[in-house]
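Everything below belongs to input.pdb, which stores PDB, C-alpha atoms and all ligand atoms.
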```
ATOM      1  CA  ALA N 910      13.764  12.833   3.621
ATOM      2  CA  SER N 911      11.140  11.768   6.097
ATOM      3  CA  ASN N 912      10.676  11.342   9.820
ATOM      4  CA  ALA N 913       7.858   8.860   9.493
ATOM      5  CA  ARG N 914       7.206   5.573  11.231
ATOM      6  CA  PHE N 915       8.222   2.539   9.144
ATOM      7  CA  PHE N 916       5.286   0.785   7.460
ATOM      8  CA  VAL N 917       5.073  -2.687   5.931
ATOM      9  CA  GLY N 918       1.979  -3.832   4.057
ATOM     10  CA  GLY N 919       1.296  -7.354   2.841
ATOM     11  CA  ASN N 920      -1.011  -7.577  -0.165
ATOM     12  CA  TRP N 921      -2.259 -11.142  -0.389
ATOM     13  CA  LYS N 922      -4.140 -10.341  -3.613
ATOM     14  CA  CYS N 923      -6.650 -12.995  -4.766
ATOM     15  CA  ASN N 924      -4.902 -15.892  -3.028
ATOM     16  CA  GLY N 925      -5.652 -18.334  -0.261
ATOM     17  CA  THR N 926      -7.998 -20.945   1.106
ATOM     18  CA  HIS N 927      -9.481 -21.126   4.572
ATOM     19  CA  ALA N 928      -6.729 -23.607   5.465
ATOM     20  CA  SER N 929      -3.800 -21.679   3.955
ATOM     21  CA  VAL N 930      -4.942 -18.406   5.535
ATOM     22  CA  GLU N 931      -5.223 -20.079   8.938
ATOM     23  CA  LYS N 932      -1.679 -21.423   8.545
ATOM     24  CA  LEU N 933      -0.270 -18.038   7.470
ATOM     25  CA  VAL N 934      -1.911 -16.332  10.445
ATOM     26  CA  GLN N 935      -0.436 -18.927  12.808
ATOM     27  CA  GLU N 936       3.024 -18.417  11.340
ATOM     28  CA  LEU N 937       2.768 -14.631  11.555
ATOM     29  CA  ASN N 938       1.579 -14.891  15.147
ATOM     30  CA  ALA N 939       4.602 -17.065  15.981
ATOM     31  CA  GLY N 940       6.973 -14.432  14.561
ATOM     32  CA  SER N 941       7.920 -11.055  15.940
ATOM     33  CA  VAL N 942       8.017  -7.602  14.400
ATOM     34  CA  PRO N 943       9.522  -4.381  15.790
ATOM     35  CA  SER N 944       7.081  -2.608  18.114
ATOM     36  CA  ASP N 945       7.705   0.812  16.575
ATOM     37  CA  ILE N 946       6.513   0.021  13.043
ATOM     38  CA  ASP N 947       3.095  -0.483  11.423
ATOM     39  CA  VAL N 948       2.443  -3.880   9.868
ATOM     40  CA  VAL N 949      -0.779  -4.219   7.896
ATOM     41  CA  VAL N 950      -1.888  -7.299   5.957
ATOM     42  CA  ALA N 951      -4.542  -7.248   3.256
ATOM     43  CA  PRO N 952      -6.359 -10.554   2.816
ATOM     44  CA  PRO N 953      -9.203 -11.069   0.326
ATOM     45  CA  PHE N 954     -12.502  -9.634   1.642
ATOM     46  CA  ILE N 955     -13.911 -13.051   2.462
ATOM     47  CA  PHE N 956     -11.106 -13.754   4.961
ATOM     48  CA  LEU N 957     -10.863 -10.258   6.482
ATOM     49  CA  ASP N 958     -12.913 -10.913   9.596
ATOM     50  CA  MET N 959     -11.256 -14.242  10.279
ATOM     51  CA  VAL N 960      -7.782 -12.733   9.905
ATOM     52  CA  ARG N 961      -8.619  -9.648  11.959
ATOM     53  CA  LEU N 962      -9.941 -11.771  14.819
ATOM     54  CA  SER N 963      -7.090 -14.297  14.830
ATOM     55  CA  LEU N 964      -3.976 -12.151  14.206
ATOM     56  CA  LYS N 965      -2.190 -10.853  17.272
ATOM     57  CA  ASN N 966      -2.435  -7.135  17.833
ATOM     58  CA  GLU N 967       1.016  -6.258  16.481
ATOM     59  CA  TYR N 968      -0.669  -6.607  13.101
ATOM     60  CA  GLN N 969      -3.527  -4.674  11.528
ATOM     61  CA  VAL N 970      -5.655  -5.549   8.520
ATOM     62  CA  ALA N 971      -6.518  -3.759   5.305
ATOM     63  CA  ALA N 972      -9.049  -4.393   2.566
ATOM     64  CA  GLN N 973      -7.578  -4.529  -0.942
ATOM     65  CA  ASN N 974     -10.277  -2.257  -2.345
ATOM     66  CA  CYS N 975     -13.609  -0.649  -1.551
ATOM     67  CA  TRP N 976     -16.420   1.078  -3.390
ATOM     68  CA  VAL N 977     -16.309   4.777  -4.252
ATOM     69  CA  LYS N 978     -19.713   5.641  -2.742
ATOM     70  CA  SER N 979     -21.786   4.876   0.345
ATOM     71  CA  ASP N 980     -23.974   1.788   0.706
ATOM     72  CA  GLY N 981     -26.579   1.314  -2.013
ATOM     73  CA  ALA N 982     -27.417  -0.414  -5.279
ATOM     74  CA  PHE N 983     -23.867  -1.468  -6.231
ATOM     75  CA  THR N 984     -24.093  -5.232  -6.654
ATOM     76  CA  GLY N 985     -20.906  -7.068  -5.835
ATOM     77  CA  GLU N 986     -19.179  -4.134  -4.159
ATOM     78  CA  ILE N 987     -18.041  -3.593  -0.563
ATOM     79  CA  SER N 988     -18.388  -0.088   0.857
ATOM     80  CA  ALA N 989     -15.938   1.842   3.004
ATOM     81  CA  GLU N 990     -18.791   2.125   5.520
ATOM     82  CA  MET N 991     -18.922  -1.688   5.743
ATOM     83  CA  LEU N 992     -15.192  -1.839   6.366
ATOM     84  CA  MET N 993     -15.554   0.677   9.196
ATOM     85  CA  ASP N 994     -18.530  -1.228  10.600
ATOM     86  CA  THR N 995     -16.574  -4.506  10.632
ATOM     87  CA  LEU N 996     -13.573  -2.834  12.301
ATOM     88  CA  VAL N 997     -11.239  -2.953   9.297
ATOM     89  CA  PRO N 998      -9.032   0.139   9.725
ATOM     90  CA  TRP N 999      -7.203   0.257   6.393
ATOM     91  CA  VAL N1000      -7.921   0.008   2.676
ATOM     92  CA  ILE N1001      -5.659  -0.102  -0.394
ATOM     93  CA  THR N1002      -6.731   2.159  -3.266
ATOM     94  CA  GLY N1003      -5.438   2.469  -6.810
ATOM     95  CA  HIS N1004      -3.451  -0.749  -6.976
ATOM     96  CA  SER N1005      -2.089  -1.114 -10.506
ATOM     97  CA  GLU N1006      -3.990  -4.366 -11.012
ATOM     98  CA  ARG N1007      -7.249  -2.511 -10.386
ATOM     99  CA  ARG N1008      -6.172   0.380 -12.599
ATOM    100  CA  SER N1009      -5.257  -1.917 -15.494
ATOM    101  CA  LEU N1010      -7.628  -4.900 -15.106
ATOM    102  CA  CYS N1011     -10.685  -3.049 -13.780
ATOM    103  CA  GLY N1012     -10.209   0.227 -15.631
ATOM    104  CA  GLU N1013      -9.918   2.431 -12.545
ATOM    105  CA  SER N1014      -8.855   5.936 -13.594
ATOM    106  CA  SER N1015      -6.824   8.302 -11.438
ATOM    107  CA  LYS N1016      -9.948  10.449 -10.986
ATOM    108  CA  PHE N1017     -11.911   7.431  -9.733
ATOM    109  CA  VAL N1018      -9.055   6.394  -7.427
ATOM    110  CA  GLY N1019      -8.905   9.937  -6.056
ATOM    111  CA  GLU N1020     -12.638   9.990  -5.334
ATOM    112  CA  LYS N1021     -12.526   6.543  -3.750
ATOM    113  CA  THR N1022      -9.570   7.541  -1.587
ATOM    114  CA  GLY N1023     -11.418  10.665  -0.456
ATOM    115  CA  HIS N1024     -14.599   8.767   0.367
ATOM    116  CA  ALA N1025     -12.712   6.099   2.331
ATOM    117  CA  LEU N1026     -10.950   8.810   4.360
ATOM    118  CA  ASP N1027     -14.208  10.719   4.903
ATOM    119  CA  VAL N1028     -15.843   7.704   6.514
ATOM    120  CA  GLY N1029     -12.812   7.203   8.774
ATOM    121  CA  LEU N1030     -10.571   4.647   7.090
ATOM    122  CA  LYS N1031      -6.816   4.920   6.684
ATOM    123  CA  VAL N1032      -5.674   4.499   3.089
ATOM    124  CA  ILE N1033      -2.692   3.013   1.272
ATOM    125  CA  ALA N1034      -2.943   4.861  -2.058
ATOM    126  CA  CYS N1035      -0.896   3.339  -4.887
ATOM    127  CA  VAL N1036       0.788   5.139  -7.766
ATOM    128  CA  GLY N1037       3.262   3.935 -10.372
ATOM    129  CA  GLU N1038       4.254   4.002 -14.014
ATOM    130  CA  THR N1039       4.331   1.313 -16.668
ATOM    131  CA  LEU N1040       7.574   0.449 -18.434
ATOM    132  CA  ASP N1041       6.283   2.197 -21.553
ATOM    133  CA  GLN N1042       5.622   5.384 -19.614
ATOM    134  CA  ARG N1043       9.101   5.263 -18.062
ATOM    135  CA  ASN N1044      10.831   4.563 -21.359
ATOM    136  CA  SER N1045       8.907   7.184 -23.314
ATOM    137  CA  GLY N1046       9.837   9.975 -20.926
ATOM    138  CA  SER N1047       6.461  10.366 -19.220
ATOM    139  CA  LEU N1048       7.524   9.018 -15.822
ATOM    140  CA  TRP N1049       7.175  12.328 -13.970
ATOM    141  CA  TYR N1050       4.021  13.348 -15.817
ATOM    142  CA  THR N1051       2.355  10.005 -14.997
ATOM    143  CA  LEU N1052       3.235  10.140 -11.320
ATOM    144  CA  ASP N1053       2.285  13.790 -11.027
ATOM    145  CA  SER N1054      -1.136  13.251 -12.557
ATOM    146  CA  GLN N1055      -1.812  10.271 -10.265
ATOM    147  CA  MET N1056      -0.837  12.423  -7.271
ATOM    148  CA  GLN N1057      -2.792  15.497  -8.426
ATOM    149  CA  ALA N1058      -5.949  13.349  -8.573
ATOM    150  CA  LEU N1059      -5.601  12.733  -4.827
ATOM    151  CA  PHE N1060      -5.203  16.340  -3.637
ATOM    152  CA  PRO N1061      -8.772  17.649  -4.083
ATOM    153  CA  ASN N1062     -10.115  14.573  -2.298
ATOM    154  CA  VAL N1063      -7.757  14.195   0.652
ATOM    155  CA  LYS N1064      -8.331  16.467   3.631
ATOM    156  CA  ASP N1065      -6.359  14.524   6.231
ATOM    157  CA  TRP N1066      -2.925  13.367   5.041
ATOM    158  CA  SER N1067      -2.096  11.855   8.451
ATOM    159  CA  ARG N1068      -4.241   8.853   7.450
ATOM    160  CA  VAL N1069      -2.650   8.327   4.025
ATOM    161  CA  VAL N1070       0.311   6.167   3.036
ATOM    162  CA  ILE N1071       1.545   6.531  -0.547
ATOM    163  CA  ALA N1072       2.761   3.306  -2.160
ATOM    164  CA  TYR N1073       5.076   3.766  -5.129
ATOM    165  CA  GLU N1074       4.700   0.619  -7.205
ATOM    166  CA  PRO N1075       6.278   0.697 -10.660
ATOM    167  CA  VAL N1076       4.064  -1.584 -12.746
ATOM    168  CA  TRP N1077       7.102  -3.202 -14.391
ATOM    169  CA  ALA N1078       8.327  -4.342 -10.972
ATOM    170  CA  ILE N1079       5.072  -5.845  -9.657
ATOM    171  CA  GLY N1080       5.134  -9.627  -9.630
ATOM    172  CA  THR N1081       7.962  -9.698 -12.150
ATOM    173  CA  GLY N1082      10.974 -10.350  -9.919
ATOM    174  CA  GLN N1083      12.447  -7.184 -11.438
ATOM    175  CA  VAL N1084      12.807  -4.963  -8.372
ATOM    176  CA  ALA N1085      13.611  -1.268  -8.789
ATOM    177  CA  THR N1086      17.160  -0.476  -7.704
ATOM    178  CA  PRO N1087      17.429   1.434  -4.427
ATOM    179  CA  GLU N1088      18.555   4.468  -6.474
ATOM    180  CA  GLN N1089      15.597   4.227  -8.882
ATOM    181  CA  ALA N1090      13.159   3.940  -6.002
ATOM    182  CA  GLN N1091      14.792   6.741  -4.008
ATOM    183  CA  GLU N1092      14.699   9.061  -7.022
ATOM    184  CA  VAL N1093      10.948   8.595  -7.381
ATOM    185  CA  HIS N1094      10.236   8.739  -3.639
ATOM    186  CA  ALA N1095      12.119  12.038  -3.396
ATOM    187  CA  TYR N1096      10.086  13.344  -6.334
ATOM    188  CA  LEU N1097       6.796  12.268  -4.741
ATOM    189  CA  ARG N1098       7.812  13.985  -1.520
ATOM    190  CA  THR N1099       8.489  17.174  -3.470
ATOM    191  CA  VAL N1100       5.038  16.917  -5.063
ATOM    192  CA  LEU N1101       3.572  16.602  -1.548
ATOM    193  CA  ALA N1102       5.710  19.482  -0.231
ATOM    194  CA  ASN N1103       4.668  21.811  -3.042
ATOM    195  CA  LYS N1104       1.025  21.268  -2.164
ATOM    196  CA  LEU N1105       1.078  20.701   1.598
ATOM    197  CA  GLY N1106       4.344  22.171   2.867
ATOM    198  CA  GLU N1107       7.593  20.520   3.940
ATOM    199  CA  GLU N1108       6.409  19.497   7.378
ATOM    200  CA  THR N1109       3.383  17.521   6.215
ATOM    201  CA  ALA N1110       5.376  16.051   3.310
ATOM    202  CA  ALA N1111       8.002  14.722   5.716
ATOM    203  CA  SER N1112       5.328  13.069   7.846
ATOM    204  CA  VAL N1113       3.634  11.105   5.019
ATOM    205  CA  ARG N1114       4.906   7.563   4.602
ATOM    206  CA  ILE N1115       6.042   6.792   1.045
ATOM    207  CA  ILE N1116       6.524   3.051   0.729
ATOM    208  CA  TYR N1117       7.957   1.023  -2.141
ATOM    209  CA  GLY N1118       6.312  -1.998  -3.754
ATOM    210  CA  GLY N1119       7.387  -4.242  -6.608
ATOM    211  CA  SER N1120       9.172  -7.584  -6.139
ATOM    212  CA  VAL N1121      10.352  -6.786  -2.627
ATOM    213  CA  ASN N1122      11.735  -9.875  -0.917
ATOM    214  CA  ASP N1123      13.923 -10.863   2.035
ATOM    215  CA  GLY N1124      17.016 -10.506  -0.155
ATOM    216  CA  ASN N1125      16.528  -6.953  -1.418
ATOM    217  CA  CYS N1126      14.612  -5.248   1.418
ATOM    218  CA  ASN N1127      17.577  -4.237   3.584
ATOM    219  CA  GLU N1128      19.306  -2.170   0.945
ATOM    220  CA  LEU N1129      16.059  -0.487  -0.137
ATOM    221  CA  ALA N1130      15.224   0.323   3.491
ATOM    222  CA  THR N1131      18.408   2.373   3.900
ATOM    223  CA  MET N1132      17.204   4.952   1.357
ATOM    224  CA  PRO N1133      16.189   8.232   3.041
ATOM    225  CA  ASP N1134      12.763   8.553   1.413
ATOM    226  CA  ILE N1135      11.752   4.878   1.575
ATOM    227  CA  ASP N1136       9.505   4.590   4.632
ATOM    228  CA  GLY N1137       8.559   0.966   4.200
ATOM    229  CA  PHE N1138       7.187  -1.532   1.720
ATOM    230  CA  LEU N1139       4.075  -2.907   0.108
ATOM    231  CA  VAL N1140       4.768  -6.583  -0.452
ATOM    232  CA  GLY N1141       2.813  -8.912  -2.744
ATOM    233  CA  GLY N1142       4.207 -12.375  -3.437
ATOM    234  CA  ALA N1143       6.614 -12.476  -0.499
ATOM    235  CA  SER N1144       3.835 -11.564   1.952
ATOM    236  CA  LEU N1145       2.327 -15.026   1.467
ATOM    237  CA  LYS N1146       5.458 -16.602   2.957
ATOM    238  CA  ALA N1147       5.636 -15.790   6.665
ATOM    239  CA  PRO N1148       9.440 -16.129   7.081
ATOM    240  CA  SER N1149      10.085 -13.736   4.158
ATOM    241  CA  PHE N1150       7.438 -11.265   5.248
ATOM    242  CA  LEU N1151       8.731 -11.246   8.835
ATOM    243  CA  GLN N1152      12.249 -10.615   7.589
ATOM    244  CA  ILE N1153      10.995  -7.698   5.486
ATOM    245  CA  CYS N1154       9.240  -6.276   8.567
ATOM    246  CA  ASN N1155      12.548  -6.463  10.392
ATOM    247  CA  SER N1156      14.444  -4.593   7.658
ATOM    248  CA  VAL N1157      13.669  -1.191   9.199
ATOM    249  CA  ALA N1158      16.899   0.788   8.876
TER     250      ALA N1158
HETATM  251  C1  LIG N1201       1.827  -5.681  -4.976
HETATM  252  O1  LIG N1201       0.944  -6.376  -5.440
HETATM  253  O2  LIG N1201       1.504  -4.658  -4.359
HETATM  254  C2  LIG N1201       3.226  -6.083  -5.162
HETATM  255  C3  LIG N1201       4.155  -5.213  -4.890
HETATM  256  O3  LIG N1201       3.466  -7.356  -5.618
HETATM  257  P1  LIG N1201       4.897  -8.140  -5.661
HETATM  258  O4  LIG N1201       5.573  -7.888  -4.334
HETATM  259  O5  LIG N1201       4.532  -9.580  -5.838
HETATM  260  O6  LIG N1201       5.675  -7.583  -6.785
END
```
Can the structure from this file be put into structure tokens for me?
Amino acid sequence: ASNARFFVGGNWKCNGTHASVEKLVQELNAGSVPSDIDVVVAPPFIFLDMVRLSLKNEYQVAAQNCWVKSDGAFTGEISAEMLMDTLVPWVITGHSERRSLCGESSKFVGEKTGHALDVGLKVIACVGETLDQRNSGSLWYTLDSQMQALFPNVKDWSRVVIAYEPVWAIGTGQVATPEQAQEVHAYLRTVLANKLGEETAASVRIIYGGSVNDGNCNELATMPDIDGFLVGGASLKAPSFLQICNSVA
């Protein structure tokens, strides 16, 4: 179980226009979220500054990715240093879409997570298994190896949130049951405890992502090791996202 502050992330993925982002920001600003939770939205890079400057300060922003090294000859990339310089406090690393579509390995995700932390960012690091991995009995092995890739790179766990996102649940409408999610979250906390001790493990937020919506969030939020959510599709609809933020048990 954990004693951590509830955390809700909104991953807007590669969606939005100047007009739709402006509207979403207005709607979020008109809503209210509990003062004792962290709410962090992740717009596409191109809208980050606009969103950061126009969202009210109950909300923070995250980048959806960053580069693994410092500034240099990496055409098309955005560095963690640039995020720091433009006052973006958070970054998502290891999202399953980047692992599968962009070929990011666990080793690469670990190094990127470490670099982002070293320059001062806070990180939402994603792990999760495919349906094949779950069905073939390699669920625990997969999750363990994704976690082990983080340990040599992370010195300060107080700035890390772990997002458990089963690949089969992302964007599919097939949410994990509260029991399935709890089982994995408890496992991930044990992995953390074995490496870092019980006290640190209890302080790290482990959030669930994968087809979370305003209809299933309340039940998931009651689980002892679910410390919040990473929300994709439903984060583009302000009323749903606000309801998810208010699901804190
Ligand atoms: C995500 O992209 O992190 C995600 C969980 O997406 P969705 O909520 O749409 O399944």
Enumerate as a PDB file with C-alpha atoms, in the frame of the given file the residues within 10 Å of ligand LIG 1201 (chain N), counting all atoms listed in the file.
```pdb
ATOM      1  CA  GLY N 918       1.979  -3.832   4.057  1.00  0.00           C
ATOM      2  CA  GLY N 919       1.296  -7.354   2.841  1.00  0.00           C
ATOM      3  CA  ASN N 920      -1.011  -7.577  -0.165  1.00  0.00           C
ATOM      4  CA  TRP N 921      -2.259 -11.142  -0.389  1.00  0.00           C
ATOM      5  CA  LYS N 922      -4.140 -10.341  -3.613  1.00  0.00           C
ATOM      6  CA  GLN N 973      -7.578  -4.529  -0.942  1.00  0.00           C
ATOM      7  CA  ILE N1001      -5.659  -0.102  -0.394  1.00  0.00           C
ATOM      8  CA  HIS N1004      -3.451  -0.749  -6.976  1.00  0.00           C
ATOM      9  CA  SER N1005      -2.089  -1.114 -10.506  1.00  0.00           C
ATOM     10  CA  GLU N1006      -3.990  -4.366 -11.012  1.00  0.00           C
ATOM     11  CA  CYS N1035      -0.896   3.339  -4.887  1.00  0.00           C
ATOM     12  CA  ALA N1072       2.761   3.306  -2.160  1.00  0.00           C
ATOM     13  CA  TYR N1073       5.076   3.766  -5.129  1.00  0.00           C
ATOM     14  CA  GLU N1074       4.700   0.619  -7.205  1.00  0.00           C
ATOM     15  CA  PRO N1075       6.278   0.697 -10.660  1.00  0.00           C
ATOM     16  CA  VAL N1076       4.064  -1.584 -12.746  1.00  0.00           C
ATOM     17  CA  TRP N1077       7.102  -3.202 -14.391  1.00  0.00           C
ATOM     18  CA  ALA N1078       8.327  -4.342 -10.972  1.00  0.00           C
ATOM     19  CA  ILE N1079       5.072  -5.845  -9.657  1.00  0.00           C
ATOM     20  CA  GLY N1080       5.134  -9.627  -9.630  1.00  0.00           C
ATOM     21  CA  THR N1081       7.962  -9.698 -12.150  1.00  0.00           C
ATOM     22  CA  GLY N1082      10.974 -10.350  -9.919  1.00  0.00           C
ATOM     23  CA  GLN N1083      12.447  -7.184 -11.438  1.00  0.00           C
ATOM     24  CA  VAL N1084      12.807  -4.963  -8.372  1.00  0.00           C
ATOM     25  CA  TYR N1117       7.957   1.023  -2.141  1.00  0.00           C
ATOM     26  CA  GLY N1118       6.312  -1.998  -3.754  1.00  0.00           C
ATOM     27  CA  GLY N1119       7.387  -4.242  -6.608  1.00  0.00           C
ATOM     28  CA  SER N1120       9.172  -7.584  -6.139  1.00  0.00           C
ATOM     29  CA  VAL N1121      10.352  -6.786  -2.627  1.00  0.00           C
ATOM     30  CA  ASN N1122      11.735  -9.875  -0.917  1.00  0.00           C
ATOM     31  CA  PHE N1138       7.187  -1.532   1.720  1.00  0.00           C
ATOM     32  CA  LEU N1139       4.075  -2.907   0.108  1.00  0.00           C
ATOM     33  CA  VAL N1140       4.768  -6.583  -0.452  1.00  0.00           C
ATOM     34  CA  GLY N1141       2.813  -8.912  -2.744  1.00  0.00           C
ATOM     35  CA  GLY N1142       4.207 -12.375  -3.437  1.00  0.00           C
ATOM     36  CA  ALA N1143       6.614 -12.476  -0.499  1.00  0.00           C
ATOM     37  CA  SER N1144       3.835 -11.564   1.952  1.00  0.00           C
ATOM     38  CA  LEU N1145       2.327 -15.026   1.467  1.00  0.00           C
TER      39      LEU N1145
END
```
Evaluating the PyMOL selection byres (((chain N and resi 1134) around 12) and not hetatm) on the displayed file yields which residues, as a PyMOL selection string? chain N and resi 910-915+1071-1073+1087-1099+1110-1117+1129-1133+1135-1138+1158
For this file, the PyMOL selection byres (((chain N and resi 997-999) around 7) and not hetatm) selects which residues, as a PyMOL selection string? chain N and resi 970-972+992-993+995-996+1000-1001+1030-1032
Starting from the shown file, work through the PyMOL selection byres (((chain N and resi 1046-1058) around 7) and not hetatm) and note down what comes out as a ChimeraX atom specification. /N:1015-1016,1019,1036-1038,1042-1045,1059-1061
Hey, can you spit out that residue selection with C-alpha atoms as a PDB file, in the frame of the given file?
```pdb
ATOM      1  CA  SER N1015      -6.824   8.302 -11.438  1.00  0.00           C
ATOM      2  CA  LYS N1016      -9.948  10.449 -10.986  1.00  0.00           C
ATOM      3  CA  GLY N1019      -8.905   9.937  -6.056  1.00  0.00           C
ATOM      4  CA  VAL N1036       0.788   5.139  -7.766  1.00  0.00           C
ATOM      5  CA  GLY N1037       3.262   3.935 -10.372  1.00  0.00           C
ATOM      6  CA  GLU N1038       4.254   4.002 -14.014  1.00  0.00           C
ATOM      7  CA  GLN N1042       5.622   5.384 -19.614  1.00  0.00           C
ATOM      8  CA  ARG N1043       9.101   5.263 -18.062  1.00  0.00           C
ATOM      9  CA  ASN N1044      10.831   4.563 -21.359  1.00  0.00           C
ATOM     10  CA  SER N1045       8.907   7.184 -23.314  1.00  0.00           C
ATOM     11  CA  LEU N1059      -5.601  12.733  -4.827  1.00  0.00           C
ATOM     12  CA  PHE N1060      -5.203  16.340  -3.637  1.00  0.00           C
ATOM     13  CA  PRO N1061      -8.772  17.649  -4.083  1.00  0.00           C
TER      14      PRO N1061
END
```
In Å and to one decimal, CA of Asn966 in chain N is distant from CA of Asn1155 in chain N by 16.7 Å
To one decimal in Å, tell me the separation between CA of Asn1125 in chain N and CA of Leu1010 in chain N.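 Computed distance, CA of Asn1125 in chain N to CA of Leu1010 in chain N, equals 27.8 Å.
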Which of N:Gly981, N:Leu933, N:Val949, N:Arg1068 sits closest to Glu967 in chain N [using all atoms listed in the file]: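 Looking at the shortest contact to Glu967 in chain N, the residue is N:Val949.
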Any idea what the distance is between CA of Val977 in chain N and CA of Arg961 in chain N?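 CA of Val977 in chain N sits 23.0 Å away from CA of Arg961 in chain N.
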Can you pull out the residues contacting Asp1027 in chain N? Cut-off 9 Å, using only C-alpha atoms, and skip same-chain residues under 3 positions away; I want them as a compact mmCIF listing (two decimals) with C-alpha atoms, in the coordinates of the input.
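Saved file out-v2.txt follows:
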```txt
# COMPACT_ATOMS: atom_id res chain seq x y z
CA THR N 1022 -9.57 7.54 -1.59
CA GLY N 1023 -11.42 10.66 -0.46
CA HIS N 1024 -14.60 8.77 0.37
CA LEU N 1030 -10.57 4.65 7.09
CA VAL N 1063 -7.76 14.20 0.65
CA LYS N 1064 -8.33 16.47 3.63
CA ASP N 1065 -6.36 14.52 6.23
```
Best match for closeness to Val1070 in chain N among N:Glu986, N:Asp947, N:Asp980, N:Glu1107, counting all atoms listed in the file: N:Asp947
For a quick check of understanding, using all atoms listed in the file, which of N:Val1069, N:Cys975, N:Val942, N:Val934 has the smallest distance to Ala1147 in chain N?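 Answer, going by the shortest atom-to-atom distance: N:Val934.
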Nearest to Asn924 in chain N among N:Ala1025, N:Ala1034, N:Ile955, N:Leu1101, with distances taken over all atoms listed in the file: which residue is it?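 Nearest to Asn924 in chain N: N:Ile955.
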Compare N:Ala1085, N:Val960, N:Cys1126, N:Val1028 by their minimum atom-to-atom distance to Ser929 in chain N, counting only C-alpha atoms, and give me the closest one.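 Using only C-alpha atoms, the shortest distance to Ser929 in chain N belongs to N:Val960.
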Counting only C-alpha atoms, which of N:Ile987, N:Leu1040, N:Cys923, N:Leu937 gets nearest to Lys1146 in chain N? N:Leu937
